[in-house]
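Take a look at the structure below.
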Amino acid sequence: MQIPVIDLAPYLEFSRELPSRDGEEFDSNLKNLCSEVSRTLRETGALLVKDPRCTAEDNDRFLDMMEKYFEMPDDFKRRQERPHLHYQVGVTPEGVEVPRSLVDAEMQQKLRSMPKEFQPSTPSGPDPKWRYMWRELCHTEGFPEWQETMDSWGYKMISAIEAVAEMAAVGFGLQKDAFTSLMKQISKRKRIAFTKIQSDYFRTPFLLTKGHPVVTTNILSAWNSGRSRFPGLNIWLRNGQKVEVKVPVGCLLIQTGKEIEWLTAGECIAGMHEVVVTDRTIDAIKLASEQNRSLWRVSSTLFAHIASDAVLKPLSHFADSP
């Protein structure tokens with residue numbers, strides 16, 4: 001199944017010209033676009049979007065910097081390690097995070113009940129990935145472009161997911177700001193803290209085994225991610241089908257999470273994803289090696305949260321849903 005690509009340009013242009021207009025005043029084309037957003041999130045739980053503010057050059061600039069960072073020696077990177085803060089700021093080394101599917105008996109039962117061809121790869125231990133959680137108080141020496149690059153890409157992704165949240169609200173028959181008004185009280189510092197950079201390095205024969213899970217994650221909140229330079233991302237649609245996602249150049253992937261599941265009374269269902277080494281990944285690794293490019297697989301994952309003091313409950317007409 002092909003996940004549709006939604007061009008946000010018509011909505012952004014309308015919003016610039018008439019920022020105070022609500023969904024009832026949209027023309028038919030714009031209403032249809034919003035309906036497509038809500039329908040796709042409801043039926044699949046995932047969406048590809050093209051936001052003219054989030055360019056391929058922005059994504060590449062971010063990837064270039066993070067590849068350079070993760071290629072630094074481990075002792076350099078561990079200077080940003082903060083286990084006393086539960087790794088919510090700075091770097092998380094490989095072998096620290098344990099996939100939930102490894103320890104959650106209820107989830108394991110759910111995964112075993114899936115058709116064999118749609119089951120995820122089973123991790124055998126802690127994730128062999130590094131991760132970096134960015135927030136403004138956490139600086140990295142030797143990278144003068146660090147804060148500007150992080151903030152720029154993070155805020156652009158936030159802007160994209162806010163636009164999608166408004167469009168989804170209109171498509172669901174809610175006020176345009178039904179979702180975003182619940183996000184607005186999160187401070188800029190806190191919001192940018194949710195730019196999570198997940199990086200996997202293809203450096204051992206063990207990691208090059210086809211189907212080996214680099215990282216398996218169950219998503220709790222709505223998130224979006226820029227394009228990575230290595231394939232291997234699978235997501236699960238609402239019908240349980242597992243599909244490999246190919247993010248086109250200049251696009252972002254958005255997947256629904258647990259909070260929007262609660263806010264819509266299950267109209268949208270929280271999705272899952274995994275990153276594994278596939279034949280296509282191995283081909284990309286070989287090509288990168290031949291071209292002397294980085295073998296770090298970097299992805300920029302941004303989680304969009306409802307403010308922590310907002311009540312999560314079905315909104316408007318969703319409150320009447322059985």
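Labels for the structure tokens follow display order: chains A, B, ..., residues from 1 in each chain, ligands from 1.
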
**OP:** Mind checking which residues fall within 12 Å of Arg42 of chain A, counting only C-alpha atoms, ignoring those fewer than 5 positions away in the same chain, and posting them as a PyMOL selection string?
**Re:** chain A and resi 35-37+47+168-169+171-172+237-239+255-257+260-261+264-271

Subject >> DSSP strand (DSSP E) selection over segment 70-133 of chain A, as a ChimeraX atom specification >> reply: /A:90-92,130-133

Any chance you could export the current selection's all heavy atoms as a PDB file, in the first residue's frame?
ATOM      1  N   GLY A  90      21.188  15.053  26.075  1.00  0.00           N
ATOM      2  CA  GLY A  90      22.501  14.585  25.641  1.00  0.00           C
ATOM      3  C   GLY A  90      22.465  13.202  25.009  1.00  0.00           C
ATOM      4  O   GLY A  90      21.449  12.768  24.481  1.00  0.00           O
ATOM      5  N   VAL A  91      23.594  12.505  25.106  1.00  0.00           N
ATOM      6  CA  VAL A  91      23.775  11.270  24.351  1.00  0.00           C
ATOM      7  C   VAL A  91      23.390  10.038  25.174  1.00  0.00           C
ATOM      8  O   VAL A  91      23.553  10.008  26.398  1.00  0.00           O
ATOM      9  CB  VAL A  91      25.238  11.156  23.858  1.00  0.00           C
ATOM     10  CG1 VAL A  91      26.181  10.741  24.987  1.00  0.00           C
ATOM     11  CG2 VAL A  91      25.343  10.189  22.691  1.00  0.00           C
ATOM     12  N   THR A  92      22.839   9.042  24.495  1.00  0.00           N
ATOM     13  CA  THR A  92      22.604   7.713  25.053  1.00  0.00           C
ATOM     14  C   THR A  92      23.439   6.736  24.253  1.00  0.00           C
ATOM     15  O   THR A  92      23.210   6.560  23.056  1.00  0.00           O
ATOM     16  CB  THR A  92      21.121   7.309  24.942  1.00  0.00           C
ATOM     17  OG1 THR A  92      20.305   8.299  25.553  1.00  0.00           O
ATOM     18  CG2 THR A  92      20.879   5.960  25.604  1.00  0.00           C
ATOM     19  N   TRP A 130      23.038   4.508  19.042  1.00  0.00           N
ATOM     20  CA  TRP A 130      23.284   5.698  19.861  1.00  0.00           C
ATOM     21  C   TRP A 130      22.128   6.656  19.626  1.00  0.00           C
ATOM     22  O   TRP A 130      21.494   6.648  18.560  1.00  0.00           O
ATOM     23  CB  TRP A 130      24.589   6.379  19.442  1.00  0.00           C
ATOM     24  CG  TRP A 130      25.836   5.667  19.869  1.00  0.00           C
ATOM     25  CD1 TRP A 130      26.316   4.483  19.362  1.00  0.00           C
ATOM     26  CD2 TRP A 130      26.771   6.091  20.863  1.00  0.00           C
ATOM     27  NE1 TRP A 130      27.485   4.150  19.992  1.00  0.00           N
ATOM     28  CE2 TRP A 130      27.795   5.120  20.912  1.00  0.00           C
ATOM     29  CE3 TRP A 130      26.834   7.190  21.714  1.00  0.00           C
ATOM     30  CZ2 TRP A 130      28.879   5.214  21.777  1.00  0.00           C
ATOM     31  CZ3 TRP A 130      27.916   7.296  22.573  1.00  0.00           C
ATOM     32  CH2 TRP A 130      28.920   6.311  22.606  1.00  0.00           C
ATOM     33  N   ARG A 131      21.875   7.516  20.618  1.00  0.00           N
ATOM     34  CA  ARG A 131      20.799   8.494  20.492  1.00  0.00           C
ATOM     35  C   ARG A 131      21.266   9.794  21.108  1.00  0.00           C
ATOM     36  O   ARG A 131      22.075   9.814  22.042  1.00  0.00           O
ATOM     37  CB  ARG A 131      19.551   7.993  21.236  1.00  0.00           C
ATOM     38  CG  ARG A 131      18.316   8.860  21.011  1.00  0.00           C
ATOM     39  CD  ARG A 131      17.192   8.427  21.924  1.00  0.00           C
ATOM     40  NE  ARG A 131      17.485   8.773  23.305  1.00  0.00           N
ATOM     41  CZ  ARG A 131      16.784   8.331  24.349  1.00  0.00           C
ATOM     42  NH1 ARG A 131      15.798   7.500  24.159  1.00  0.00           N
ATOM     43  NH2 ARG A 131      17.107   8.706  25.575  1.00  0.00           N
ATOM     44  N   TYR A 132      20.768  10.897  20.564  1.00  0.00           N
ATOM     45  CA  TYR A 132      21.069  12.211  21.140  1.00  0.00           C
ATOM     46  C   TYR A 132      19.766  12.972  21.323  1.00  0.00           C
ATOM     47  O   TYR A 132      19.006  13.139  20.381  1.00  0.00           O
ATOM     48  CB  TYR A 132      22.018  13.009  20.241  1.00  0.00           C
ATOM     49  CG  TYR A 132      22.686  14.161  20.963  1.00  0.00           C
ATOM     50  CD1 TYR A 132      23.999  14.077  21.402  1.00  0.00           C
ATOM     51  CD2 TYR A 132      21.991  15.333  21.253  1.00  0.00           C
ATOM     52  CE1 TYR A 132      24.608  15.117  22.092  1.00  0.00           C
ATOM     53  CE2 TYR A 132      22.584  16.372  21.955  1.00  0.00           C
ATOM     54  CZ  TYR A 132      23.897  16.257  22.368  1.00  0.00           C
ATOM     55  OH  TYR A 132      24.475  17.281  23.061  1.00  0.00           O
ATOM     56  N   MET A 133      19.520  13.425  22.562  1.00  0.00           N
ATOM     57  CA  MET A 133      18.340  14.248  22.842  1.00  0.00           C
ATOM     58  C   MET A 133      18.801  15.689  22.997  1.00  0.00           C
ATOM     59  O   MET A 133      19.616  16.013  23.876  1.00  0.00           O
ATOM     60  CB  MET A 133      17.665  13.790  24.135  1.00  0.00           C
ATOM     61  CG  MET A 133      17.070  12.392  24.051  1.00  0.00           C
ATOM     62  SD  MET A 133      15.458  12.342  23.261  1.00  0.00           S
ATOM     63  CE  MET A 133      14.391  12.770  24.629  1.00  0.00           C
TER      64      MET A 133
END

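Residue nearest Phe62 of chain A, chosen from A:Ala9, A:Val247, A:Ala304, A:Met150 and counting only C-alpha atoms: A:Met150.
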
Original post:
Can you list, as a PyMOL selection string, every protein, DNA or RNA residue that comes within 9 Å of Thr149 of chain A when you count only C-alpha atoms, leaving out same-chain residues fewer than 5 positions away?
Top reply: chain A and resi 58+61-62+65+154

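Between atom CA of Phe76 of chain A and atom CA of Gly226 of chain A the separation is 25.9 Å.
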
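Minimum distance to Asp51 of chain A across A:Ser159, A:Ser124, A:Gln175, A:Gln119 (counting only C-alpha atoms) occurs at A:Ser159.
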
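Nearest residue to Ser101 of chain A among A:Pro322, A:Pro248, A:Pro128, A:Pro120 is A:Pro120, counting only C-alpha atoms.
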
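Comparing the minimum interatomic distances between Gly250 of chain A and each of A:Lys110, A:Lys50, A:His86, A:Lys313, counting only C-alpha atoms, we find that A:Lys50 sits nearest.
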
Original post:
If you run DSSP on this backbone, which residues of segment 56-161 of chain A come out as helix (DSSP H, G or I), and could you give them as an MDAnalysis selection string?
Top reply: chainID A and resid 56:70 74:80 83:85 100:102 105:112 116:118 146:161

Subject >> Contacts of Gly95 of chain A at 8 Å (only C-alpha atoms; same-chain gap of 6+ positions) as a list in words >> reply: Gly125, Pro126, Asp127, Pro128 and Lys129 of chain A

Subject >> Contacts of Thr140 of chain A within 10 Å, only C-alpha atoms, excl. fewer than 2 positions in-chain, as a PyMOL selection string >> reply: chain A and resi 69+76-77+79-80+90+138+142-147

Please dump the current selection as a JSON list (two decimals), in the first residue's frame; keep N, CA, C and O atoms.
[["chain", "number", "residue", "atom", "x", "y", "z"],
["A", 69, "TYR", "N", 29.34, 14.14, 14.06],
["A", 69, "TYR", "CA", 29.35, 13.99, 15.52],
["A", 69, "TYR", "C", 29.49, 12.52, 15.91],
["A", 69, "TYR", "O", 30.32, 12.16, 16.75],
["A", 76, "PHE", "N", 34.67, 11.02, 23.48],
["A", 76, "PHE", "CA", 34.22, 12.40, 23.20],
["A", 76, "PHE", "C", 32.70, 12.48, 23.35],
["A", 76, "PHE", "O", 32.17, 13.38, 24.00],
["A", 77, "LYS", "N", 32.00, 11.52, 22.77],
["A", 77, "LYS", "CA", 30.53, 11.56, 22.83],
["A", 77, "LYS", "C", 30.02, 11.35, 24.25],
["A", 77, "LYS", "O", 29.00, 11.93, 24.64],
["A", 79, "ARG", "N", 31.03, 12.52, 26.87],
["A", 79, "ARG", "CA", 31.04, 13.75, 27.67],
["A", 79, "ARG", "C", 29.64, 14.36, 27.76],
["A", 79, "ARG", "O", 29.33, 15.12, 28.67],
["A", 80, "GLN", "N", 28.78, 14.03, 26.79],
["A", 80, "GLN", "CA", 27.40, 14.52, 26.82],
["A", 80, "GLN", "C", 26.43, 13.48, 27.39],
["A", 80, "GLN", "O", 25.23, 13.62, 27.28],
["A", 90, "GLY", "N", 21.19, 15.05, 26.07],
["A", 90, "GLY", "CA", 22.50, 14.59, 25.64],
["A", 90, "GLY", "C", 22.47, 13.20, 25.01],
["A", 90, "GLY", "O", 21.45, 12.77, 24.48],
["A", 138, "CYS", "N", 22.24, 22.14, 26.36],
["A", 138, "CYS", "CA", 23.21, 21.06, 26.16],
["A", 138, "CYS", "C", 24.07, 21.37, 24.93],
["A", 138, "CYS", "O", 23.64, 21.19, 23.80],
["A", 142, "GLY", "N", 33.36, 21.96, 19.69],
["A", 142, "GLY", "CA", 33.89, 21.61, 18.39],
["A", 142, "GLY", "C", 32.89, 21.66, 17.26],
["A", 142, "GLY", "O", 33.22, 21.36, 16.11],
["A", 143, "PHE", "N", 31.66, 22.03, 17.57],
["A", 143, "PHE", "CA", 30.60, 22.11, 16.56],
["A", 143, "PHE", "C", 29.94, 23.49, 16.65],
["A", 143, "PHE", "O", 28.85, 23.62, 17.24],
["A", 144, "PRO", "N", 30.56, 24.53, 16.10],
["A", 144, "PRO", "CA", 30.01, 25.89, 16.23],
["A", 144, "PRO", "C", 28.63, 26.04, 15.61],
["A", 144, "PRO", "O", 27.87, 26.92, 16.01],
["A", 145, "GLU", "N", 28.30, 25.17, 14.65],
["A", 145, "GLU", "CA", 27.01, 25.26, 13.98],
["A", 145, "GLU", "C", 25.92, 24.47, 14.70],
["A", 145, "GLU", "O", 24.76, 24.43, 14.25],
["A", 146, "TRP", "N", 26.26, 23.85, 15.82],
["A", 146, "TRP", "CA", 25.38, 22.89, 16.49],
["A", 146, "TRP", "C", 24.01, 23.47, 16.83],
["A", 146, "TRP", "O", 22.99, 22.97, 16.39],
["A", 147, "GLN", "N", 23.97, 24.52, 17.64],
["A", 147, "GLN", "CA", 22.69, 25.02, 18.12],
["A", 147, "GLN", "C", 21.82, 25.54, 16.98],
["A", 147, "GLN", "O", 20.62, 25.27, 16.93]]

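When atom CA of Ile6 of chain A is paired with atom CA of Met66 of chain A, their separation reads 27.6 Å.
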
Subject >> Distance in Å - atom CA of Ile161 of chain A versus atom CA of Ser316 of chain A >> reply: 21.2 Å

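Near Ile254 of chain A, within 10 Å and counting only C-alpha atoms, sit A:Leu41, A:Gly45, A:Ala46, A:Leu47, A:Leu48, A:Val49, A:Ala160, A:Ile161, A:Val164, A:Ala222, A:Trp223, A:Asn224, A:Ser225, A:Gly226, A:Cys251, A:Leu252, A:Thr256, A:Gly257, A:Thr301, A:Leu302, A:Phe303; same-chain residues fewer than 2 positions away were not included.
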
For the selection you just gave me, I'd like the residues written to a file as a short mmCIF file (atom, residue, chain, number, x, y, z; two decimals), in the first residue's frame, keeping N, CA and C atoms.
data_model
loop_
_atom_site.label_atom_id
_atom_site.label_comp_id
_atom_site.auth_asym_id
_atom_site.auth_seq_id
_atom_site.Cartn_x
_atom_site.Cartn_y
_atom_site.Cartn_z
N LEU A 41 -4.78 9.42 8.24
CA LEU A 41 -4.35 9.14 9.61
C LEU A 41 -5.27 8.10 10.26
N GLY A 45 -2.72 5.46 9.89
CA GLY A 45 -1.89 5.87 11.02
C GLY A 45 -0.58 6.51 10.61
N ALA A 46 -0.42 6.79 9.33
CA ALA A 46 0.84 7.38 8.86
C ALA A 46 0.56 8.30 7.68
N LEU A 47 1.48 9.24 7.47
CA LEU A 47 1.31 10.25 6.45
C LEU A 47 2.68 10.75 6.00
N LEU A 48 2.84 10.94 4.70
CA LEU A 48 4.03 11.60 4.18
C LEU A 48 3.63 13.02 3.79
N VAL A 49 4.39 14.00 4.22
CA VAL A 49 4.06 15.38 3.90
C VAL A 49 5.25 16.10 3.27
N ALA A 160 5.78 21.92 10.78
CA ALA A 160 5.10 21.01 9.87
C ALA A 160 4.05 20.19 10.59
N ILE A 161 4.39 19.67 11.77
CA ILE A 161 3.42 18.81 12.47
C ILE A 161 2.27 19.63 13.03
N VAL A 164 -0.12 20.01 10.12
CA VAL A 164 -0.85 18.75 9.92
C VAL A 164 -1.90 18.56 11.01
N ALA A 222 2.47 11.40 18.80
CA ALA A 222 2.63 11.67 17.37
C ALA A 222 4.05 12.12 17.09
N TRP A 223 4.62 11.65 16.00
CA TRP A 223 6.00 12.03 15.70
C TRP A 223 6.17 12.24 14.21
N ASN A 224 7.23 12.97 13.89
CA ASN A 224 7.60 13.05 12.49
C ASN A 224 9.10 12.90 12.36
N SER A 225 9.54 12.52 11.19
CA SER A 225 10.94 12.23 10.99
C SER A 225 11.37 12.65 9.60
N GLY A 226 12.57 13.19 9.52
CA GLY A 226 13.16 13.50 8.23
C GLY A 226 13.71 12.25 7.57
N CYS A 251 10.64 15.27 1.92
CA CYS A 251 9.39 14.97 2.62
C CYS A 251 9.67 14.52 4.06
N LEU A 252 8.61 14.54 4.88
CA LEU A 252 8.65 14.07 6.26
C LEU A 252 7.64 12.95 6.42
N THR A 256 0.91 8.44 13.76
CA THR A 256 0.06 8.77 14.91
C THR A 256 0.57 8.08 16.17
N GLY A 257 0.25 8.70 17.33
CA GLY A 257 0.70 8.17 18.61
C GLY A 257 -0.44 8.01 19.59
N THR A 301 14.10 12.40 14.72
CA THR A 301 12.77 12.03 15.17
C THR A 301 12.25 13.08 16.14
N LEU A 302 11.14 13.70 15.80
CA LEU A 302 10.57 14.73 16.65
C LEU A 302 9.21 14.28 17.17
N PHE A 303 9.05 14.26 18.49
CA PHE A 303 7.79 13.87 19.10
C PHE A 303 6.97 15.12 19.41
#

Original post:
Given the choices A:Leu8, A:Ala105, A:Cys34, A:Leu18, which gets closest to Arg53 of chain A if the distance is worked out from only C-alpha atoms?
Top reply: A:Leu8

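Closest to Asp74 of chain A among A:Glu166, A:Thr55, A:Glu94, A:Val5 is A:Glu94, based on only C-alpha atoms.
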